[in-house]
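Student: Okay, so here is work_19.pdb, and as you'll see once you scroll down, it has PDB, C-alpha atoms and all ligand atoms.
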ATOM      1  CA  MET A   4       0.000   0.000   0.000
ATOM      2  CA  LEU A   5       1.375   3.362  -0.978
ATOM      3  CA  THR A   6       1.041   6.165   1.510
ATOM      4  CA  THR A   7      -0.967   9.236   0.513
ATOM      5  CA  LEU A   8       2.283  11.139   0.244
ATOM      6  CA  VAL A   9       3.878   8.676  -2.173
ATOM      7  CA  LYS A  10       0.687   8.455  -4.215
ATOM      8  CA  ASN A  11       0.510  12.223  -4.505
ATOM      9  CA  ARG A  12       4.175  12.485  -5.339
ATOM     10  CA  LYS A  13       3.732   9.985  -8.154
ATOM     11  CA  SER A  14       0.752  11.841  -9.609
ATOM     12  CA  ALA A  15       2.629  15.146  -9.367
ATOM     13  CA  PHE A  16       5.635  13.560 -11.102
ATOM     14  CA  ILE A  17       3.424  12.534 -14.013
ATOM     15  CA  ALA A  18       1.429  15.757 -14.089
ATOM     16  CA  GLN A  19       4.699  17.721 -14.267
ATOM     17  CA  SER A  20       6.009  15.545 -17.141
ATOM     18  CA  CYS A  21       8.701  14.128 -14.823
ATOM     19  CA  ARG A  22      10.221  17.578 -14.336
ATOM     20  CA  CYS A  23      11.075  19.394 -11.142
ATOM     21  CA  PHE A  24       8.531  21.972  -9.993
ATOM     22  CA  TYR A  25      11.318  24.452  -9.277
ATOM     23  CA  CYS A  26      14.151  24.005 -11.750
ATOM     24  CA  ASP A  27      12.264  22.198 -14.514
ATOM     25  CA  PHE A  28      15.009  19.599 -14.852
ATOM     26  CA  PRO A  29      13.995  16.037 -15.642
ATOM     27  CA  MET A  30      13.939  13.775 -12.584
ATOM     28  CA  TRP A  31      14.105  10.044 -12.002
ATOM     29  CA  GLU A  32      11.938   7.913  -9.753
ATOM     30  CA  SER A  33      13.705   4.586  -9.515
ATOM     31  CA  ASP A  34      16.551   4.233 -11.988
ATOM     32  CA  CYS A  35      19.373   6.576 -11.137
ATOM     33  CA  SER A  36      22.004   4.957 -13.325
ATOM     34  CA  SER A  37      20.065   4.992 -16.579
ATOM     35  CA  PHE A  38      19.155   8.621 -15.834
ATOM     36  CA  ALA A  39      22.870   9.383 -15.455
ATOM     37  CA  GLN A  40      23.583   7.695 -18.777
ATOM     38  CA  THR A  41      20.800   9.448 -20.627
ATOM     39  CA  HIS A  42      21.878  12.869 -19.421
ATOM     40  CA  LYS A  43      25.613  12.166 -19.571
ATOM     41  CA  ILE A  44      26.232  13.089 -15.969
ATOM     42  CA  SER A  45      27.952  11.308 -13.101
ATOM     43  CA  LEU A  46      26.003   9.080 -10.729
ATOM     44  CA  ARG A  47      26.766  11.463  -7.919
ATOM     45  CA  ARG A  48      25.224  14.318  -9.882
ATOM     46  CA  ALA A  49      22.282  12.181 -10.978
ATOM     47  CA  LYS A  50      21.381  11.415  -7.366
ATOM     48  CA  GLN A  51      20.413  15.057  -6.957
ATOM     49  CA  PHE A  52      17.663  14.665  -9.530
ATOM     50  CA  GLN A  53      15.767  12.050  -7.611
ATOM     51  CA  CYS A  54      12.083  12.895  -7.473
ATOM     52  CA  THR A  55      10.934  13.878  -3.987
ATOM     53  CA  ALA A  56       7.645  15.049  -2.566
ATOM     54  CA  GLU A  57       7.726  18.720  -1.753
ATOM     55  CA  HIS A  58       5.208  20.237   0.664
ATOM     56  CA  LEU A  59       4.227  23.675  -0.595
ATOM     57  CA  VAL A  60       3.195  24.546   2.920
ATOM     58  CA  ALA A  61       5.850  22.839   5.038
ATOM     59  CA  ARG A  62       4.805  20.124   7.446
ATOM     60  CA  GLN A  63       6.144  22.147  10.341
ATOM     61  CA  ASP A  64       3.775  24.942   9.358
ATOM     62  CA  GLY A  65       0.821  22.589   9.325
ATOM     63  CA  GLY A  66       1.080  21.547   5.658
ATOM     64  CA  LYS A  67      -0.660  18.276   4.866
ATOM     65  CA  ASP A  68       0.143  15.380   2.540
ATOM     66  CA  ALA A  69      -2.965  16.202   0.478
ATOM     67  CA  ALA A  70      -2.588  16.399  -3.297
ATOM     68  CA  GLN A  71      -3.032  20.186  -3.490
ATOM     69  CA  ASN A  72      -0.089  20.665  -1.105
ATOM     70  CA  ILE A  73       2.315  18.265  -2.849
ATOM     71  CA  VAL A  74       4.484  18.915  -5.881
ATOM     72  CA  ALA A  75       7.338  16.835  -7.263
ATOM     73  CA  ALA A  76      10.750  18.447  -6.816
ATOM     74  CA  CYS A  77      14.256  17.187  -7.364
ATOM     75  CA  LEU A  78      16.265  16.341  -4.271
ATOM     76  CA  TRP A  79      18.599  19.265  -4.875
ATOM     77  CA  CYS A  80      15.857  21.893  -4.983
ATOM     78  CA  ASN A  81      13.983  20.334  -2.128
ATOM     79  CA  GLN A  82      17.011  20.318   0.151
ATOM     80  CA  THR A  83      18.330  23.658  -0.997
ATOM     81  CA  ARG A  84      15.055  25.422  -0.430
ATOM     82  CA  HIS A  85      14.875  24.222   3.141
ATOM     83  CA  LYS A  86      18.556  24.727   3.844
ATOM     84  CA  ARG A  87      18.195  28.472   3.576
ATOM     85  CA  LYS A  88      17.869  30.226   6.907
ATOM     86  CA  LEU A  89      14.586  31.761   5.862
ATOM     87  CA  ALA A  90      13.050  29.276   3.484
ATOM     88  CA  LYS A  91      11.564  31.178   0.557
ATOM     89  CA  ASN A  92       7.922  30.560  -0.211
ATOM     90  CA  PRO A  93       7.452  28.104  -3.091
ATOM     91  CA  SER A  94       6.741  30.618  -5.844
ATOM     92  CA  ASP A  95       9.608  32.945  -4.845
ATOM     93  CA  TYR A  96      11.949  30.004  -4.698
ATOM     94  CA  ARG A  97      10.770  28.802  -8.082
ATOM     95  CA  SER A  98      11.527  32.123  -9.761
ATOM     96  CA  PHE A  99      14.805  32.343  -7.882
ATOM     97  CA  VAL A 100      15.941  28.959  -9.191
ATOM     98  CA  ARG A 101      14.777  29.669 -12.743
ATOM     99  CA  ARG A 102      16.538  33.021 -12.836
ATOM    100  CA  ARG A 103      19.742  31.249 -11.909
ATOM    101  CA  LEU A 104      19.329  28.748 -14.696
ATOM    102  CA  THR A 105      18.420  30.994 -17.585
ATOM    103  CA  GLY A 106      22.051  32.046 -18.098
ATOM    104  CA  ASN A 107      22.575  29.055 -20.334
ATOM    105  CA  ARG A 108      19.736  27.524 -22.313
ATOM    106  CA  GLN A 109      21.780  24.428 -23.038
ATOM    107  CA  TYR A 110      21.730  23.686 -19.329
ATOM    108  CA  HIS A 111      18.246  22.289 -19.639
ATOM    109  CA  GLN A 112      18.992  20.201 -22.673
ATOM    110  CA  VAL A 113      21.921  18.210 -21.402
ATOM    111  CA  GLY A 114      21.482  18.573 -17.677
ATOM    112  CA  ASN A 115      25.117  19.601 -17.354
ATOM    113  CA  ASP A 116      26.091  23.102 -18.316
ATOM    114  CA  VAL A 117      29.837  22.582 -17.877
ATOM    115  CA  PHE A 118      29.755  19.497 -20.064
ATOM    116  CA  CYS A 119      27.883  21.482 -22.667
ATOM    117  CA  VAL A 120      30.303  24.419 -22.688
ATOM    118  CA  VAL A 121      33.213  21.992 -23.010
ATOM    119  CA  GLU A 122      31.530  20.229 -25.927
ATOM    120  CA  ILE A 123      30.805  23.488 -27.730
ATOM    121  CA  MET A 124      34.417  24.523 -27.256
ATOM    122  CA  GLY A 125      35.597  21.390 -29.007
ATOM    123  CA  GLY A 126      35.860  18.811 -26.257
ATOM    124  CA  LYS A 127      37.990  18.216 -23.196
ATOM    125  CA  GLN A 128      41.331  18.074 -24.933
ATOM    126  CA  SER A 129      40.824  21.283 -26.825
ATOM    127  CA  VAL A 130      39.565  23.135 -23.761
ATOM    128  CA  ALA A 131      42.499  21.826 -21.711
ATOM    129  CA  THR A 132      44.882  23.253 -24.286
ATOM    130  CA  LYS A 133      43.067  26.576 -24.531
ATOM    131  CA  LEU A 134      43.016  27.049 -20.770
ATOM    132  CA  GLY A 135      46.380  25.490 -20.022
ATOM    133  CA  VAL A 136      45.083  22.840 -17.620
ATOM    134  CA  GLU A 137      45.088  19.041 -17.529
ATOM    135  CA  GLU A 138      42.163  17.136 -19.036
ATOM    136  CA  ILE A 139      41.502  15.487 -15.689
ATOM    137  CA  GLU A 140      40.859  18.920 -14.226
ATOM    138  CA  ILE A 141      38.099  19.443 -16.761
ATOM    139  CA  GLU A 142      36.579  16.088 -15.893
ATOM    140  CA  HIS A 143      36.366  17.288 -12.306
ATOM    141  CA  TRP A 144      34.633  20.478 -13.405
ATOM    142  CA  ILE A 145      32.098  18.496 -15.389
ATOM    143  CA  ASP A 146      31.561  16.187 -12.475
ATOM    144  CA  ASP A 147      31.173  19.037  -9.997
ATOM    145  CA  HIS A 148      29.128  21.276 -12.304
ATOM    146  CA  TYR A 149      31.545  23.976 -11.401
ATOM    147  CA  VAL A 150      34.350  25.873 -13.082
ATOM    148  CA  PRO A 151      36.680  27.914 -10.850
ATOM    149  CA  THR A 152      36.256  31.667 -11.339
ATOM    150  CA  ARG A 153      39.611  32.188 -13.031
ATOM    151  CA  TYR A 154      38.829  29.704 -15.761
ATOM    152  CA  ALA A 155      35.210  30.751 -16.093
ATOM    153  CA  GLU A 156      36.495  34.254 -16.797
ATOM    154  CA  LYS A 157      38.921  32.899 -19.338
ATOM    155  CA  ILE A 158      36.158  30.954 -21.084
ATOM    156  CA  HIS A 159      34.142  34.151 -21.145
ATOM    157  CA  GLU A 160      37.068  36.012 -22.734
ATOM    158  CA  LEU A 161      37.602  33.293 -25.317
ATOM    159  CA  THR A 162      33.987  32.835 -26.306
ATOM    160  CA  GLY A 163      32.129  35.945 -25.188
ATOM    161  CA  TRP A 164      29.447  33.686 -23.707
ATOM    162  CA  SER A 165      27.742  34.361 -20.470
ATOM    163  CA  VAL A 166      29.214  31.706 -18.241
ATOM    164  CA  TRP A 167      27.449  32.491 -15.041
ATOM    165  CA  SER A 168      25.771  29.112 -14.826
ATOM    166  CA  ILE A 169      29.031  27.165 -14.890
ATOM    167  CA  GLN A 170      29.852  28.813 -11.602
ATOM    168  CA  VAL A 171      27.026  27.370  -9.594
ATOM    169  CA  PRO A 172      28.876  25.645  -6.787
ATOM    170  CA  PRO A 173      28.138  21.989  -6.107
ATOM    171  CA  VAL A 174      25.651  21.089  -3.399
ATOM    172  CA  GLY A 175      27.169  21.311   0.042
ATOM    173  CA  TRP A 176      29.605  24.088  -0.863
ATOM    174  CA  GLY A 177      29.241  27.200   1.217
TER     175      GLY A 177
HETATM  176 ZN    ZN B 201      14.915  20.933  -9.131
END
Could I get this structure in the form of structure tokens?

Tutor:
Amino acid sequence: MLTTLVKNRKSAFIAQSCRCFYCDFPMWESDCSSFAQTHKISLRRAKQFQCTAEHLVARQDGGKDAAQNIVAACLWCNQTRHKRKLAKNPSDYRSFVRRRLTGNRQYHQVGNDVFCVVEIMGGKQSVATKLGVEEIEIEHWIDDHYVPTRYAEKIHELTGWSVWSIQVPPVGWG
């Protein structure tokens, strides 16, 4: 027997076309590794896109498990929203997250903005040469979804692209 919460999470997942209420990224329900393969991201990164039930009105504020109070949100958004000292209300948080993501439209398509920038710039080897770093360093950036400021600036100089979104620090940083 599924609990009301799980049932409502599943219906929200389907109603939202398997995408997170906040960031609009695709999410997975049960198969993390095939999700990672499909979106060409590491398993560690893929774990953050697990579908969770999000209470629009938090439980601690009297929010219920009823369908109208439950949306499907990725683990990352769910945790990040509640990690803030003053949790934003759902619609503020939603626009906050989307504003952060609009810097790079490719972000949504591949689920990994750093990977995408590297691909557009001709692949790991070519980027390593252009930036004067080792290829392994670039693999770490892809894995962490994060390019150190110095190199993000250099990519900006080389390409003229807005690279704000490749500077979103990994979960748990700061
Ligand atoms: Zn999300």

Student: Which is closer to His148 (chain A) than all the others in A:Lys133, A:Gly126, A:Ile44, A:Cys54, using all atoms listed in the file?

Tutor: A:Ile44

Student: Counting only C-alpha atoms and all ligand atoms, name the residues that have an atom within 6 Å of an atom of ligand ZN 201 (chain B); the answer should be given as a list in words.

Tutor: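 The distance check yields Cys23, Tyr25, Cys26, Phe28, Ala76, Cys77, Trp79 and Cys80 of chain A.
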
Student: In Å to one decimal, how far is CA of Ile17 (chain A) from CA of Met30 (chain A)?

Tutor: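 Interatomic distance, CA of Met30 (chain A) to CA of Ile17 (chain A): 10.7 Å.
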
Student: Please evaluate the PyMOL selection byres (((chain A and resi 41-43) around 12) and not hetatm) against the displayed coordinates and give the resulting residues as a PyMOL selection string.

Tutor: chain A and resi 28-31+34-40+44-49+52+110-119+122+145-146

Student: Using the chain letters and numbers from the file, which residues does the PyMOL selection byres (((chain A and resi 170) around 8) and not hetatm) grab, as a PyMOL selection string?

Tutor: chain A and resi 148-152+155+166-169+171-172

Student: Residues of the last selection are to be written out with C-alpha atoms, as a compact mmCIF listing (two decimals), in the coordinates of the input.

Tutor:
# COMPACT_ATOMS: atom_id res chain seq x y z
CA HIS A 148 29.13 21.28 -12.30
CA TYR A 149 31.54 23.98 -11.40
CA VAL A 150 34.35 25.87 -13.08
CA PRO A 151 36.68 27.91 -10.85
CA THR A 152 36.26 31.67 -11.34
CA ALA A 155 35.21 30.75 -16.09
CA VAL A 166 29.21 31.71 -18.24
CA TRP A 167 27.45 32.49 -15.04
CA SER A 168 25.77 29.11 -14.83
CA ILE A 169 29.03 27.16 -14.89
CA VAL A 171 27.03 27.37 -9.59
CA PRO A 172 28.88 25.64 -6.79

Student: Apply the PyMOL selection byres (((chain A and resi 130) around 12) and not hetatm) to the structure shown and report the selected residues as number ranges by chain.

Tutor: A: 117-129, 131-142, 144, 154-155, 157-158, 161-162

Student: To one decimal in Å, tell me the separation between CA of Leu5 (chain A) and CA of Arg97 (chain A).

Tutor: 28.0 Å

Student: Between CA of Lys13 (chain A) and CA of Ala70 (chain A), what is the distance, to one decimal in Å?

Tutor: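 Taking CA of Lys13 (chain A) and CA of Ala70 (chain A), their separation equals 10.2 Å.
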
Student: Given only C-alpha atoms as the basis, pick out the residue of A:Thr83, A:Ala69, A:His58, A:Ala75 nearest to Asp27 (chain A).

Tutor: A:Ala75

Student: Region 60-68 of chain A: which residues within 8 Å, counting only C-alpha atoms, same-chain residues fewer than 4 positions away excluded, as a list in words?

Tutor: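 Selected residues are Thr7, Leu8, Asn11, Asn72 and Ile73 of chain A.
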
Student: Mind dumping the selected residues with C-alpha atoms as a PDB file, keeping the file's coordinate frame?

Tutor:
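The result, stored in result_33.pdb:
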ATOM      1  CA  THR A   7      -0.967   9.236   0.513  1.00  0.00           C
ATOM      2  CA  LEU A   8       2.283  11.139   0.244  1.00  0.00           C
ATOM      3  CA  ASN A  11       0.510  12.223  -4.505  1.00  0.00           C
ATOM      4  CA  ASN A  72      -0.089  20.665  -1.105  1.00  0.00           C
ATOM      5  CA  ILE A  73       2.315  18.265  -2.849  1.00  0.00           C
TER       6      ILE A  73
END

Student: With all atoms listed in the file as the atoms that count, which of A:Asn81, A:Thr6, A:Thr55, A:Gln71 lies nearest to Cys21 (chain A)?

Tutor: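 Looking only at the distances to Cys21 (chain A), the closest residue turns out to be A:Thr55.
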
Student: Restricting the calculation to all atoms listed in the file: of A:Gln82, A:Leu59, A:His159, A:Gln51, which residue gets closest to Asp95 (chain A)?

Tutor: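 Going through A:Gln82, A:Leu59, A:His159, A:Gln51 one by one, the smallest distance to Asp95 (chain A) is for A:Leu59.
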
Student: Give, as AutoDock Vina command-line options, the centre coordinates and the x, y and z edge lengths in Å to one decimal for an axis-aligned box around all listed atoms of region 123-132 of chain A, padded by 5 Å on each side.

Tutor:
--center_x 37.8 --center_y 21.3 --center_z -25.4 --size_x 24.1 --size_y 16.4 --size_z 17.3

Student: Missing atoms in region 115-146 of chain A: can you complete it with N, CA and C atoms, as a CSV table (one decimal), in the coordinates of the input?

Tutor:
chain,number,residue,atom,x,y,z
A,115,ASN,N,23.8,19.3,-17.9
A,115,ASN,CA,25.1,19.6,-17.4
A,115,ASN,C,25.7,20.7,-18.2
A,116,ASP,N,25.6,21.9,-17.6
A,116,ASP,CA,26.1,23.1,-18.3
A,116,ASP,C,27.6,23.1,-18.6
A,117,VAL,N,28.4,22.6,-17.7
A,117,VAL,CA,29.8,22.6,-17.9
A,117,VAL,C,30.2,21.6,-19.0
A,118,PHE,N,29.6,20.5,-19.0
A,118,PHE,CA,29.8,19.5,-20.1
A,118,PHE,C,29.4,20.1,-21.4
A,119,CYS,N,28.3,20.9,-21.4
A,119,CYS,CA,27.9,21.5,-22.7
A,119,CYS,C,28.9,22.5,-23.2
A,120,VAL,N,29.3,23.4,-22.3
A,120,VAL,CA,30.3,24.4,-22.7
A,120,VAL,C,31.6,23.8,-23.2
A,121,VAL,N,32.0,22.7,-22.6
A,121,VAL,CA,33.2,22.0,-23.0
A,121,VAL,C,33.0,21.4,-24.4
A,122,GLU,N,31.8,20.8,-24.6
A,122,GLU,CA,31.5,20.2,-25.9
A,122,GLU,C,31.5,21.3,-27.0
A,123,ILE,N,30.9,22.4,-26.7
A,123,ILE,CA,30.8,23.5,-27.7
A,123,ILE,C,32.2,24.0,-28.1
A,124,MET,N,33.1,24.0,-27.0
A,124,MET,CA,34.4,24.5,-27.3
A,124,MET,C,35.3,23.5,-27.9
A,125,GLY,N,34.8,22.4,-28.3
A,125,GLY,CA,35.6,21.4,-29.0
A,125,GLY,C,36.1,20.2,-28.2
A,126,GLY,N,35.5,20.0,-27.0
A,126,GLY,CA,35.9,18.8,-26.3
A,126,GLY,C,36.9,19.1,-25.2
A,127,LYS,N,37.1,18.1,-24.3
A,127,LYS,CA,38.0,18.2,-23.2
A,127,LYS,C,39.4,18.6,-23.6
A,128,GLN,N,39.9,17.9,-24.6
A,128,GLN,CA,41.3,18.1,-24.9
A,128,GLN,C,41.6,19.5,-25.4
A,129,SER,N,40.7,20.0,-26.3
A,129,SER,CA,40.8,21.3,-26.8
A,129,SER,C,40.7,22.4,-25.7
A,130,VAL,N,39.7,22.2,-24.8
A,130,VAL,CA,39.6,23.1,-23.8
A,130,VAL,C,40.8,23.1,-22.8
A,131,ALA,N,41.3,21.9,-22.6
A,131,ALA,CA,42.5,21.8,-21.7
A,131,ALA,C,43.6,22.6,-22.3
A,132,THR,N,43.8,22.5,-23.6
A,132,THR,CA,44.9,23.3,-24.3
A,132,THR,C,44.6,24.8,-24.2
A,133,LYS,N,43.4,25.1,-24.5
A,133,LYS,CA,43.1,26.6,-24.5
A,133,LYS,C,43.3,27.2,-23.2
A,134,LEU,N,43.0,26.5,-22.1
A,134,LEU,CA,43.0,27.0,-20.8
A,134,LEU,C,44.3,26.7,-20.1
A,135,GLY,N,45.1,25.9,-20.7
A,135,GLY,CA,46.4,25.5,-20.0
A,135,GLY,C,46.2,24.7,-18.8
A,136,VAL,N,45.2,23.7,-18.8
A,136,VAL,CA,45.1,22.8,-17.6
A,136,VAL,C,45.1,21.4,-18.1
A,137,GLU,N,45.1,20.5,-17.2
A,137,GLU,CA,45.1,19.0,-17.5
A,137,GLU,C,43.6,18.6,-17.8
A,138,GLU,N,43.5,17.6,-18.7
A,138,GLU,CA,42.2,17.1,-19.0
A,138,GLU,C,41.4,16.6,-17.8
A,139,ILE,N,42.1,16.0,-16.9
A,139,ILE,CA,41.5,15.5,-15.7
A,139,ILE,C,40.8,16.6,-14.9
A,140,GLU,N,41.4,17.8,-14.9
A,140,GLU,CA,40.9,18.9,-14.2
A,140,GLU,C,39.5,19.2,-14.8
A,141,ILE,N,39.4,19.2,-16.1
A,141,ILE,CA,38.1,19.4,-16.8
A,141,ILE,C,37.0,18.4,-16.4
A,142,GLU,N,37.5,17.1,-16.3
A,142,GLU,CA,36.6,16.1,-15.9
A,142,GLU,C,36.0,16.4,-14.5
A,143,HIS,N,36.9,16.9,-13.6
A,143,HIS,CA,36.4,17.3,-12.3
A,143,HIS,C,35.3,18.4,-12.4
A,144,TRP,N,35.6,19.4,-13.3
A,144,TRP,CA,34.6,20.5,-13.4
A,144,TRP,C,33.3,20.0,-13.9
A,145,ILE,N,33.3,19.1,-14.9
A,145,ILE,CA,32.1,18.5,-15.4
A,145,ILE,C,31.4,17.8,-14.3
A,146,ASP,N,32.1,17.0,-13.5
A,146,ASP,CA,31.6,16.2,-12.5
A,146,ASP,C,31.0,17.1,-11.4
